[in-house]
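Enquirer: Following this line is coords-v1.cif, made up of mmCIF, C-alpha atoms:
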```cif
data_start
#
loop_
_atom_site.label_atom_id
_atom_site.label_comp_id
_atom_site.auth_asym_id
_atom_site.auth_seq_id
_atom_site.Cartn_x
_atom_site.Cartn_y
_atom_site.Cartn_z
CA MET R 204 43.29 50.76 83.40
CA GLU R 205 40.72 51.04 86.20
CA VAL R 206 41.08 52.47 89.68
CA GLN R 207 38.60 52.15 92.51
CA LEU R 208 39.33 53.97 95.74
CA SER R 209 37.07 54.00 98.76
CA PRO R 210 36.49 57.36 100.52
CA ALA R 211 39.04 56.33 103.17
CA GLN R 212 41.61 55.39 100.50
CA LEU R 213 41.04 58.66 98.65
CA LEU R 214 41.54 60.57 101.91
CA ALA R 215 44.77 58.64 102.54
CA ALA R 216 45.98 59.38 99.00
CA THR R 217 45.18 63.07 99.47
CA ALA R 218 47.13 63.19 102.74
CA VAL R 219 50.14 61.43 101.20
CA VAL R 220 50.16 63.84 98.25
CA LEU R 221 49.97 66.82 100.62
CA VAL R 222 52.96 65.57 102.64
CA ALA R 223 54.97 64.64 99.54
CA SER R 224 54.36 67.97 97.83
CA THR R 225 55.43 69.76 101.00
CA VAL R 226 58.72 67.85 100.84
CA LYS R 227 59.12 68.74 97.16
CA GLY R 228 58.38 72.38 97.85
CA SER R 229 60.99 72.48 100.60
CA VAL R 230 63.87 70.57 98.95
CA GLY R 231 63.03 70.50 95.22
CA LEU R 232 62.43 66.75 94.84
CA GLY R 233 60.96 63.67 96.51
CA PHE R 234 57.30 63.85 95.44
CA PRO R 235 56.92 60.61 93.43
CA VAL R 236 59.44 58.79 95.63
CA ILE R 237 56.93 59.16 98.46
CA THR R 238 53.62 59.02 96.59
CA VAL R 239 54.19 56.13 94.17
CA PRO R 240 55.09 53.47 96.79
CA VAL R 241 52.14 54.44 99.00
CA LEU R 242 49.67 54.81 96.12
CA SER R 243 50.88 51.43 94.84
CA ALA R 244 49.56 49.88 98.03
CA LEU R 245 46.21 51.66 97.56
CA ALA R 246 45.61 51.31 93.81
CA GLY R 247 48.34 49.10 92.31
CA PRO R 248 51.67 50.12 90.74
CA HIS R 249 50.41 51.07 87.27
CA ALA R 250 47.63 53.28 88.63
CA ALA R 251 50.04 54.81 91.16
CA VAL R 252 52.37 55.99 88.39
CA ALA R 253 49.50 57.55 86.44
CA LEU R 254 47.97 59.16 89.52
CA SER R 255 51.32 60.69 90.52
CA ALA R 256 52.29 62.04 87.10
CA LEU R 257 49.66 64.77 86.67
CA PRO R 258 50.10 66.23 90.21
CA THR R 259 53.88 66.08 89.68
CA LEU R 260 53.47 68.20 86.56
CA ALA R 261 51.34 70.70 88.48
CA SER R 262 53.90 71.01 91.28
CA ASN R 263 56.75 71.63 88.83
CA VAL R 264 54.84 74.39 87.05
CA PHE R 265 54.11 75.99 90.42
CA ILE R 266 57.74 75.89 91.62
CA LEU R 267 59.19 77.05 88.31
CA GLY R 268 56.90 80.07 88.35
CA ALA R 269 58.66 81.22 91.51
CA GLU R 270 62.21 80.06 90.67
CA ARG R 271 62.56 80.78 86.93
CA SER R 272 64.61 83.94 87.50
CA ARG R 273 67.47 81.78 88.86
CA LEU R 274 67.96 79.87 85.59
CA ARG R 275 71.13 81.20 84.10
CA GLY R 276 74.49 80.05 82.76
CA ARG R 277 73.85 76.28 82.64
CA TRP R 278 71.99 75.92 79.35
CA PRO R 279 74.96 74.61 77.24
CA GLU R 280 75.33 71.53 79.46
CA MET R 281 71.72 71.10 80.56
CA ARG R 282 70.33 71.00 77.02
CA TRP R 283 71.82 67.52 76.60
CA VAL R 284 70.17 66.31 79.81
CA LEU R 285 66.83 67.76 78.74
CA GLY R 286 67.14 66.25 75.26
CA GLY R 287 67.82 62.83 76.75
CA LEU R 288 64.84 63.27 79.06
CA VAL R 289 62.48 63.89 76.15
CA VAL R 290 63.60 60.76 74.28
CA GLY R 291 63.81 58.56 77.37
CA SER R 292 60.45 59.67 78.79
CA ALA R 293 58.63 58.99 75.52
CA ALA R 294 60.20 55.53 75.27
CA GLY R 295 59.52 54.74 78.93
CA ALA R 296 55.87 55.80 78.73
CA ARG R 297 55.34 53.47 75.77
CA ALA R 298 56.91 50.59 77.67
CA PHE R 299 54.72 51.36 80.70
CA HIS R 300 52.12 48.65 80.03
CA LEU R 301 54.73 46.04 79.09
CA LEU R 302 56.05 45.74 82.64
CA SER R 303 54.39 43.29 85.01
CA ALA R 304 53.16 44.42 88.41
CA GLU R 305 55.98 42.47 90.08
CA ALA R 306 58.60 44.14 87.89
CA LEU R 307 57.20 47.56 88.70
CA TYR R 308 57.24 46.77 92.42
CA VAL R 309 60.93 45.81 92.17
CA VAL R 310 61.86 48.89 90.12
CA LEU R 311 59.94 51.26 92.37
CA GLY R 312 61.28 49.64 95.53
CA ALA R 313 64.87 49.68 94.31
CA VAL R 314 64.67 53.34 93.32
CA ALA R 315 63.03 54.31 96.63
CA VAL R 316 65.69 52.47 98.67
CA GLY R 317 68.47 53.73 96.40
CA TYR R 318 67.31 57.28 97.02
CA SER R 319 66.54 57.17 100.73
CA LEU R 320 69.35 55.03 102.15
CA PRO R 321 72.27 57.13 100.83
CA ALA R 322 70.40 60.28 101.89
CA LEU R 323 69.97 58.92 105.42
CA LEU R 324 73.67 57.99 105.52
CA ARG R 325 74.56 61.44 104.18
CA ALA R 326 76.53 59.96 101.30
CA ARG R 327 78.50 62.41 99.20
CA TRP R 328 78.47 62.28 95.43
CA VAL R 329 81.81 62.59 93.60
CA LYS R 330 82.24 65.99 92.02
CA LEU R 331 82.57 65.97 88.23
CA PRO R 332 85.31 68.34 87.07
CA ARG R 333 83.64 69.08 83.72
CA ALA R 334 80.43 68.41 81.90
CA SER R 335 80.20 66.59 78.58
CA ALA R 336 77.48 66.03 76.01
CA ALA R 337 77.78 62.26 76.46
CA SER R 338 77.37 62.30 80.24
CA GLY R 339 74.47 64.74 80.09
CA LEU R 340 72.70 62.80 77.36
CA GLY R 341 73.26 59.48 79.15
CA VAL R 342 71.89 60.80 82.43
CA GLY R 343 68.91 62.29 80.61
CA LEU R 344 68.10 59.02 78.83
CA VAL R 345 68.28 56.92 82.00
CA ALA R 346 66.25 59.43 83.97
CA GLY R 347 63.73 59.69 81.14
CA VAL R 348 63.10 55.94 80.98
CA LEU R 349 62.55 55.90 84.76
CA CYS R 350 60.25 58.88 84.39
CA GLY R 351 58.12 57.26 81.72
CA THR R 352 57.79 53.94 83.52
CA THR R 353 57.69 54.94 87.21
CA THR R 354 57.60 58.79 87.47
CA ILE R 355 60.54 58.40 89.90
CA PHE R 356 63.69 59.82 88.35
CA GLY R 357 64.70 62.50 90.84
CA PRO R 358 67.54 60.47 92.41
CA VAL R 359 69.34 60.16 89.06
CA LEU R 360 69.05 63.87 88.27
CA ALA R 361 69.80 64.95 91.84
CA GLY R 362 73.02 62.91 91.83
CA TYR R 363 74.14 64.39 88.52
CA LEU R 364 73.32 67.99 89.46
CA ASP R 365 74.98 67.60 92.84
CA ALA R 366 78.05 66.09 91.17
CA ARG R 367 78.16 69.12 88.89
CA GLY R 368 78.45 71.27 92.02
CA LEU R 369 75.17 73.19 91.71
CA GLY R 370 74.35 75.19 94.80
CA ARG R 371 70.86 75.38 96.22
CA ASP R 372 69.87 78.48 94.25
CA GLU R 373 70.71 76.70 90.98
CA PHE R 374 69.77 73.17 92.02
CA VAL R 375 66.07 73.77 92.72
CA PRO R 376 65.19 75.60 89.46
CA TRP R 377 67.23 73.30 87.21
CA ILE R 378 65.94 70.07 88.70
CA THR R 379 62.43 71.55 88.44
CA VAL R 380 62.96 72.29 84.74
CA SER R 381 64.20 68.72 84.25
CA PHE R 382 61.19 67.32 86.07
CA LEU R 383 58.86 69.53 84.07
CA VAL R 384 60.27 68.37 80.72
CA GLY R 385 60.29 64.67 81.63
CA VAL R 386 56.87 64.55 83.26
CA LEU R 387 55.26 66.68 80.52
CA VAL R 388 56.35 64.13 77.91
CA GLN R 389 55.12 61.32 80.16
CA VAL R 390 51.71 62.91 80.75
CA LEU R 391 51.20 63.70 77.05
CA SER R 392 52.17 60.11 76.19
CA PHE R 393 49.70 58.78 78.77
CA PHE R 394 46.92 60.87 77.24
CA GLN R 395 47.85 59.59 73.77
CA LEU R 396 47.89 55.99 75.01
CA GLY R 397 44.52 56.35 76.73
CA VAL R 398 45.80 55.92 80.29
CA TYR R 399 43.90 58.96 81.56
CA ARG R 400 40.32 57.82 81.32
CA GLY R 401 37.43 57.74 83.74
CA ALA R 402 38.30 57.49 87.42
CA VAL R 403 42.06 57.57 86.80
CA PHE R 404 41.81 61.03 85.27
CA ARG R 405 39.32 62.32 87.85
CA VAL R 406 41.44 61.19 90.82
CA ALA R 407 44.64 62.54 89.23
CA VAL R 408 42.99 65.95 88.72
CA TRP R 409 41.70 65.93 92.31
CA LEU R 410 45.20 65.21 93.64
CA CYS R 411 46.44 68.40 91.96
CA VAL R 412 44.58 70.37 94.66
CA PRO R 413 46.58 69.11 97.67
CA VAL R 414 49.77 69.17 95.60
CA LEU R 415 49.51 72.92 95.03
CA ALA R 416 48.73 73.53 98.70
CA GLY R 417 51.64 71.34 99.82
CA THR R 418 54.09 72.88 97.34
CA ALA R 419 53.24 76.36 98.62
CA LEU R 420 53.64 75.19 102.22
CA GLY R 421 56.98 73.55 101.38
CA GLY R 422 58.27 76.78 99.88
CA TRP R 423 57.31 78.58 103.06
CA LEU R 424 59.06 75.95 105.18
CA ARG R 425 62.20 76.08 103.02
CA ARG R 426 62.66 79.70 104.01
CA ARG R 427 61.89 79.25 107.72
CA MET R 428 62.98 75.90 109.16
CA PRO R 429 65.95 73.48 109.15
CA GLU R 430 65.55 70.65 106.66
CA HIS R 431 67.50 67.83 108.33
CA ALA R 432 65.09 66.60 111.04
CA PHE R 433 62.09 67.16 108.78
CA ARG R 434 63.56 65.11 105.94
CA THR R 435 64.98 62.31 108.11
CA ALA R 436 61.58 61.07 109.29
CA LEU R 437 60.21 61.17 105.76
CA LEU R 438 63.25 59.36 104.33
CA VAL R 439 62.69 56.58 106.86
CA VAL R 440 59.11 56.25 105.57
CA VAL R 441 60.36 56.16 101.98
CA LEU R 442 62.97 53.54 102.86
CA LEU R 443 60.41 51.32 104.58
CA SER R 444 57.99 51.75 101.65
CA GLY R 445 60.74 50.79 99.22
CA LEU R 446 61.68 47.70 101.22
CA ASN R 447 58.03 46.69 101.35
CA LEU R 448 57.71 47.01 97.57
CA LEU R 449 60.89 45.00 97.01
CA ALA R 450 59.54 42.25 99.24
CA ARG R 451 56.20 42.23 97.40
CA GLY R 452 57.88 42.13 94.00
CA LEU R 453 60.50 39.51 94.82
CA LEU R 454 58.57 37.25 97.19
#
```
Please go through the file and, once you have read it, give me the structure as structure tokens.
Expert:
Amino acid sequence: MEVQLSPAQLLAATAVVLVASTVKGSVGLGFPVITVPVLSALAGPHAAVALSALPTLASNVFILGAERSRLRGRWPEMRWVLGGLVVGSAAGARAFHLLSAEALYVVLGAVAVGYSLPALLRARWVKLPRASAASGLGVGLVAGVLCGTTTIFGPVLAGYLDARGLGRDEFVPWITVSFLVGVLVQVLSFFQLGVYRGAVFRVAVWLCVPVLAGTALGGWLRRRMPEHAFRTALLVVVLLSGLNLLARGLL
């Protein structure tokens, strides 16, 4: 896989990653939902997934370093989710090259719209009265396949964790652990499959710089400003990006 970005395109990609990582730092998710649709327009869908994966891994390591002390009491149920993520991510990464560009546009667009539209409408997830190994494993597998193929699997995990009734102090560290596991498998699989070569690897490493700056800024914002107005404008951008990708894939 080759990627060729002009200086202007690289600057645009850097700015998008900075904004997306700020969102992730402030609310715990949303990085690839923003970056992959925009990077798809700059470099194509396959390159966008690869370019987003390595910075996503960096942001999760950064957040978990600050939030790891809040991980407690959920391991018996979350181990099934994490196990499903490992299997699903490995399978998805190996199916990465089998999908056509049009199929990836449709998948990415559908996930982006499916994430942003309910969030804009303030939809409420149904609360699950109890966890089960089957539900956790199923969610992990589905999220893992999306992770391996698109890097966008936050909406699936966010819905499950919210339905389990996790408060903010538990939600952010546990979804970060889930992201870390899934994306780590994806990145290792990409290295094994030879995806990270030449310019793809160099650009992905460069994008880790703004992602760390944005994640730190997002953490600062999370403690000091209301989230609603800030997220609404960004969700509109994600929704429009998703609709654009759906149109490109279907038409």
Enquirer: Go ahead and find all residues with at least one atom no further than 7 Å from (70.6, 68.1, 82.0) in the file's coordinates, using all atoms listed in the file; report them as a PyMOL selection string.
Expert: chain R and resi 280-285+339+343+381
Enquirer: On this file, the PyMOL selection byres ((chain R and resi 396-399) around 10) gives some set of residues; write that set as a compact mmCIF listing (two decimals) with C-alpha atoms, keeping the file's coordinate frame.
Expert:
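The result, written out as part_26.txt:
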```txt
# COMPACT_ATOMS: atom_id res chain seq x y z
CA MET R 204 43.29 50.76 83.40
CA GLU R 205 40.72 51.04 86.20
CA HIS R 249 50.41 51.07 87.27
CA ALA R 250 47.63 53.28 88.63
CA ALA R 253 49.50 57.55 86.44
CA LEU R 254 47.97 59.16 89.52
CA LEU R 257 49.66 64.77 86.67
CA ALA R 296 55.87 55.80 78.73
CA ARG R 297 55.34 53.47 75.77
CA HIS R 300 52.12 48.65 80.03
CA VAL R 390 51.71 62.91 80.75
CA LEU R 391 51.20 63.70 77.05
CA SER R 392 52.17 60.11 76.19
CA PHE R 393 49.70 58.78 78.77
CA PHE R 394 46.92 60.87 77.24
CA GLN R 395 47.85 59.59 73.77
CA ARG R 400 40.32 57.82 81.32
CA GLY R 401 37.43 57.74 83.74
CA ALA R 402 38.30 57.49 87.42
CA VAL R 403 42.06 57.57 86.80
CA PHE R 404 41.81 61.03 85.27
CA ARG R 405 39.32 62.32 87.85
CA VAL R 406 41.44 61.19 90.82
CA ALA R 407 44.64 62.54 89.23
```
Enquirer: Take every atom of range 292-297 of chain R listed in the file, fit an axis-aligned box around them, add 4 Å per side, and give the centre and edge lengths in Å to one decimal as AutoDock Vina command-line options.
Expert:
```
--center_x 57.9 --center_y 56.6 --center_z 77.1 --size_x 13.1 --size_y 14.2 --size_z 11.7
```
Enquirer: Within 10 Å of (64.9, 50.9, 95.2) (file coordinates; only C-alpha atoms), which protein or nucleic acid residues are there? I'd like them as a PyMOL selection string.
Expert: chain R and resi 236+308-320+441-442+444-446+448-449
Enquirer: Could you list the residues chosen by the PyMOL selection byres ((chain R and resi 359) around 10) in this structure as a CSV table (one decimal) with C-alpha atoms, in the frame of the given file?
Expert:
```csv
chain,number,residue,atom,x,y,z
R,314,VAL,CA,64.7,53.3,93.3
R,317,GLY,CA,68.5,53.7,96.4
R,318,TYR,CA,67.3,57.3,97.0
R,342,VAL,CA,71.9,60.8,82.4
R,343,GLY,CA,68.9,62.3,80.6
R,345,VAL,CA,68.3,56.9,82.0
R,346,ALA,CA,66.2,59.4,84.0
R,347,GLY,CA,63.7,59.7,81.1
R,349,LEU,CA,62.6,55.9,84.8
R,355,ILE,CA,60.5,58.4,89.9
R,356,PHE,CA,63.7,59.8,88.4
R,357,GLY,CA,64.7,62.5,90.8
R,358,PRO,CA,67.5,60.5,92.4
R,360,LEU,CA,69.0,63.9,88.3
R,361,ALA,CA,69.8,65.0,91.8
R,362,GLY,CA,73.0,62.9,91.8
R,363,TYR,CA,74.1,64.4,88.5
R,364,LEU,CA,73.3,68.0,89.5
```
Enquirer: Could you tell me how far CA of Gly228 in chain R lies from CA of Ile378 in chain R, in Å and to one decimal?
Expert: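 Interatomic distance, CA of Gly228 in chain R to CA of Ile378 in chain R: 12.1 Å.
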Enquirer: Evaluating the PyMOL selection byres ((chain R and resi 252) around 10) on the displayed file yields which residues, as a PyMOL selection string?
Expert: chain R and resi 235+238-240+242-243+246-251+253-257+299+307+311+350-355
Enquirer: From the list R:Pro429, R:Gly233, R:Gly422, R:Pro321, which residue is nearest Phe265 in chain R when using all atoms listed in the file?
Expert: R:Gly422
Enquirer: Between R:Val408, R:Val380, R:Val264, R:Ala298, which residue has the minimum interatomic distance to Arg277 in chain R, considering only C-alpha atoms?
Expert: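 Comparing R:Val408, R:Val380, R:Val264, R:Ala298 against Arg277 in chain R, the winner is R:Val380.
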Enquirer: What is the CA of Gly231 in chain R to CA of Ala244 in chain R distance in Å?
Expert: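 These two atoms are separated by 24.8 Å.
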Enquirer: My list of candidates is R:Val219, R:Leu324, R:Asp365, R:Ser209. Which is closest to Leu410 in chain R when distances are computed with all atoms listed in the file?
Expert: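 Nearest to Leu410 in chain R: R:Val219.
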Enquirer: Enter the distance from CA of Gly452 in chain R to CA of Ser224 in chain R, in Å, rounded to one decimal.
Expert: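 Between CA of Gly452 in chain R and CA of Ser224 in chain R the gap works out to 26.4 Å.
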Enquirer: Which residues come within 12 Å of Arg275 in chain R, counting all atoms listed in the file, excluding same-chain residues fewer than 6 positions away, as a PDB file with C-alpha atoms, keeping the file's coordinate frame?
Expert:
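So around_20.pdb came out as:
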```pdb
ATOM      1  CA  MET R 281      71.720  71.100  80.560  1.00  0.00           C
ATOM      2  CA  LEU R 369      75.170  73.190  91.710  1.00  0.00           C
ATOM      3  CA  ASP R 372      69.870  78.480  94.250  1.00  0.00           C
ATOM      4  CA  GLU R 373      70.710  76.700  90.980  1.00  0.00           C
ATOM      5  CA  PHE R 374      69.770  73.170  92.020  1.00  0.00           C
ATOM      6  CA  PRO R 376      65.190  75.600  89.460  1.00  0.00           C
ATOM      7  CA  TRP R 377      67.230  73.300  87.210  1.00  0.00           C
TER       8      TRP R 377
END
```
Enquirer: At a cut-off of 10 Å, using all atoms listed in the file, what residues contact Ala215 in chain R? Leave out same-chain residues fewer than 5 positions from it and give the result as an NGL selection string.
Expert: :R and (208-210 or 220-221 or 241-242 or 245)
Enquirer: I'd like to know which of R:Leu443, R:Val348, R:Leu232, R:Leu260 is closest to Gly291 in chain R, using all atoms listed in the file.
Expert: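 Among R:Leu443, R:Val348, R:Leu232, R:Leu260, it is R:Val348 that comes nearest to Gly291 in chain R.
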Enquirer: Starting from the incomplete input, reconstruct N, CA and C atoms of range 399-434 of chain R and write that as a short mmCIF file (atom, residue, chain, number, x, y, z; two decimals), in the coordinates of the input.
Expert:
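rebuild.cif was written with the following content:
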```
data_model
loop_
_atom_site.label_atom_id
_atom_site.label_comp_id
_atom_site.auth_asym_id
_atom_site.auth_seq_id
_atom_site.Cartn_x
_atom_site.Cartn_y
_atom_site.Cartn_z
N TYR R 399 44.75 58.06 80.78
CA TYR R 399 43.90 58.96 81.56
C TYR R 399 42.46 58.91 81.07
N ARG R 400 41.73 57.97 81.63
CA ARG R 400 40.32 57.82 81.32
C ARG R 400 39.55 57.59 82.61
N GLY R 401 38.32 58.04 82.63
CA GLY R 401 37.43 57.74 83.74
C GLY R 401 37.98 58.14 85.09
N ALA R 402 37.93 57.20 86.04
CA ALA R 402 38.30 57.49 87.42
C ALA R 402 39.78 57.84 87.56
N VAL R 403 40.63 57.26 86.72
CA VAL R 403 42.06 57.57 86.80
C VAL R 403 42.29 59.06 86.58
N PHE R 404 41.65 59.61 85.56
CA PHE R 404 41.81 61.03 85.27
C PHE R 404 41.19 61.89 86.37
N ARG R 405 40.00 61.51 86.83
CA ARG R 405 39.32 62.32 87.85
C ARG R 405 40.12 62.36 89.15
N VAL R 406 40.65 61.23 89.58
CA VAL R 406 41.44 61.19 90.82
C VAL R 406 42.74 61.97 90.64
N ALA R 407 43.39 61.82 89.48
CA ALA R 407 44.64 62.54 89.23
C ALA R 407 44.42 64.05 89.27
N VAL R 408 43.31 64.51 88.69
CA VAL R 408 42.99 65.95 88.72
C VAL R 408 42.72 66.40 90.16
N TRP R 409 41.97 65.58 90.92
CA TRP R 409 41.70 65.93 92.31
C TRP R 409 43.00 66.06 93.11
N LEU R 410 43.96 65.19 92.88
CA LEU R 410 45.20 65.21 93.64
C LEU R 410 46.06 66.44 93.32
N CYS R 411 45.73 67.15 92.25
CA CYS R 411 46.44 68.40 91.96
C CYS R 411 46.11 69.48 92.99
N VAL R 412 44.96 69.37 93.65
CA VAL R 412 44.58 70.37 94.66
C VAL R 412 45.50 70.31 95.88
N PRO R 413 45.65 69.14 96.53
CA PRO R 413 46.58 69.11 97.67
C PRO R 413 48.03 69.33 97.26
N VAL R 414 48.38 68.99 96.01
CA VAL R 414 49.77 69.17 95.60
C VAL R 414 50.14 70.65 95.52
N LEU R 415 49.22 71.48 95.09
CA LEU R 415 49.51 72.92 95.03
C LEU R 415 49.58 73.51 96.43
N ALA R 416 48.69 73.05 97.31
CA ALA R 416 48.73 73.53 98.70
C ALA R 416 50.02 73.10 99.38
N GLY R 417 50.42 71.84 99.19
CA GLY R 417 51.64 71.34 99.82
C GLY R 417 52.88 71.99 99.27
N THR R 418 52.92 72.23 97.95
CA THR R 418 54.09 72.88 97.34
C THR R 418 54.27 74.29 97.89
N ALA R 419 53.17 75.02 98.04
CA ALA R 419 53.24 76.36 98.62
C ALA R 419 53.73 76.30 100.06
N LEU R 420 53.21 75.34 100.83
CA LEU R 420 53.64 75.19 102.22
C LEU R 420 55.11 74.82 102.29
N GLY R 421 55.58 73.94 101.39
CA GLY R 421 56.98 73.55 101.38
C GLY R 421 57.90 74.72 101.08
N GLY R 422 57.48 75.58 100.15
CA GLY R 422 58.27 76.78 99.88
C GLY R 422 58.38 77.69 101.09
N TRP R 423 57.29 77.79 101.83
CA TRP R 423 57.31 78.58 103.06
C TRP R 423 58.26 77.97 104.08
N LEU R 424 58.20 76.63 104.23
CA LEU R 424 59.06 75.95 105.18
C LEU R 424 60.53 76.07 104.79
N ARG R 425 60.81 76.01 103.48
CA ARG R 425 62.20 76.08 103.02
C ARG R 425 62.87 77.37 103.48
N ARG R 426 62.10 78.41 103.60
CA ARG R 426 62.66 79.70 104.01
C ARG R 426 62.69 79.90 105.53
N ARG R 427 62.07 78.98 106.29
CA ARG R 427 61.89 79.25 107.72
C ARG R 427 62.32 78.16 108.68
N MET R 428 62.64 76.95 108.20
CA MET R 428 62.98 75.90 109.16
C MET R 428 64.11 75.03 108.65
N PRO R 429 64.89 74.41 109.56
CA PRO R 429 65.95 73.48 109.15
C PRO R 429 65.35 72.28 108.45
N GLU R 430 66.08 71.74 107.46
CA GLU R 430 65.55 70.65 106.66
C GLU R 430 65.88 69.26 107.24
N HIS R 431 66.97 69.15 108.02
CA HIS R 431 67.50 67.83 108.33
C HIS R 431 66.50 66.95 109.09
N ALA R 432 66.00 67.43 110.24
CA ALA R 432 65.09 66.60 111.04
C ALA R 432 63.80 66.30 110.28
N PHE R 433 63.33 67.31 109.54
CA PHE R 433 62.09 67.16 108.78
C PHE R 433 62.24 66.07 107.72
N ARG R 434 63.37 66.08 107.01
CA ARG R 434 63.56 65.11 105.94
C ARG R 434 63.88 63.71 106.46
#
```
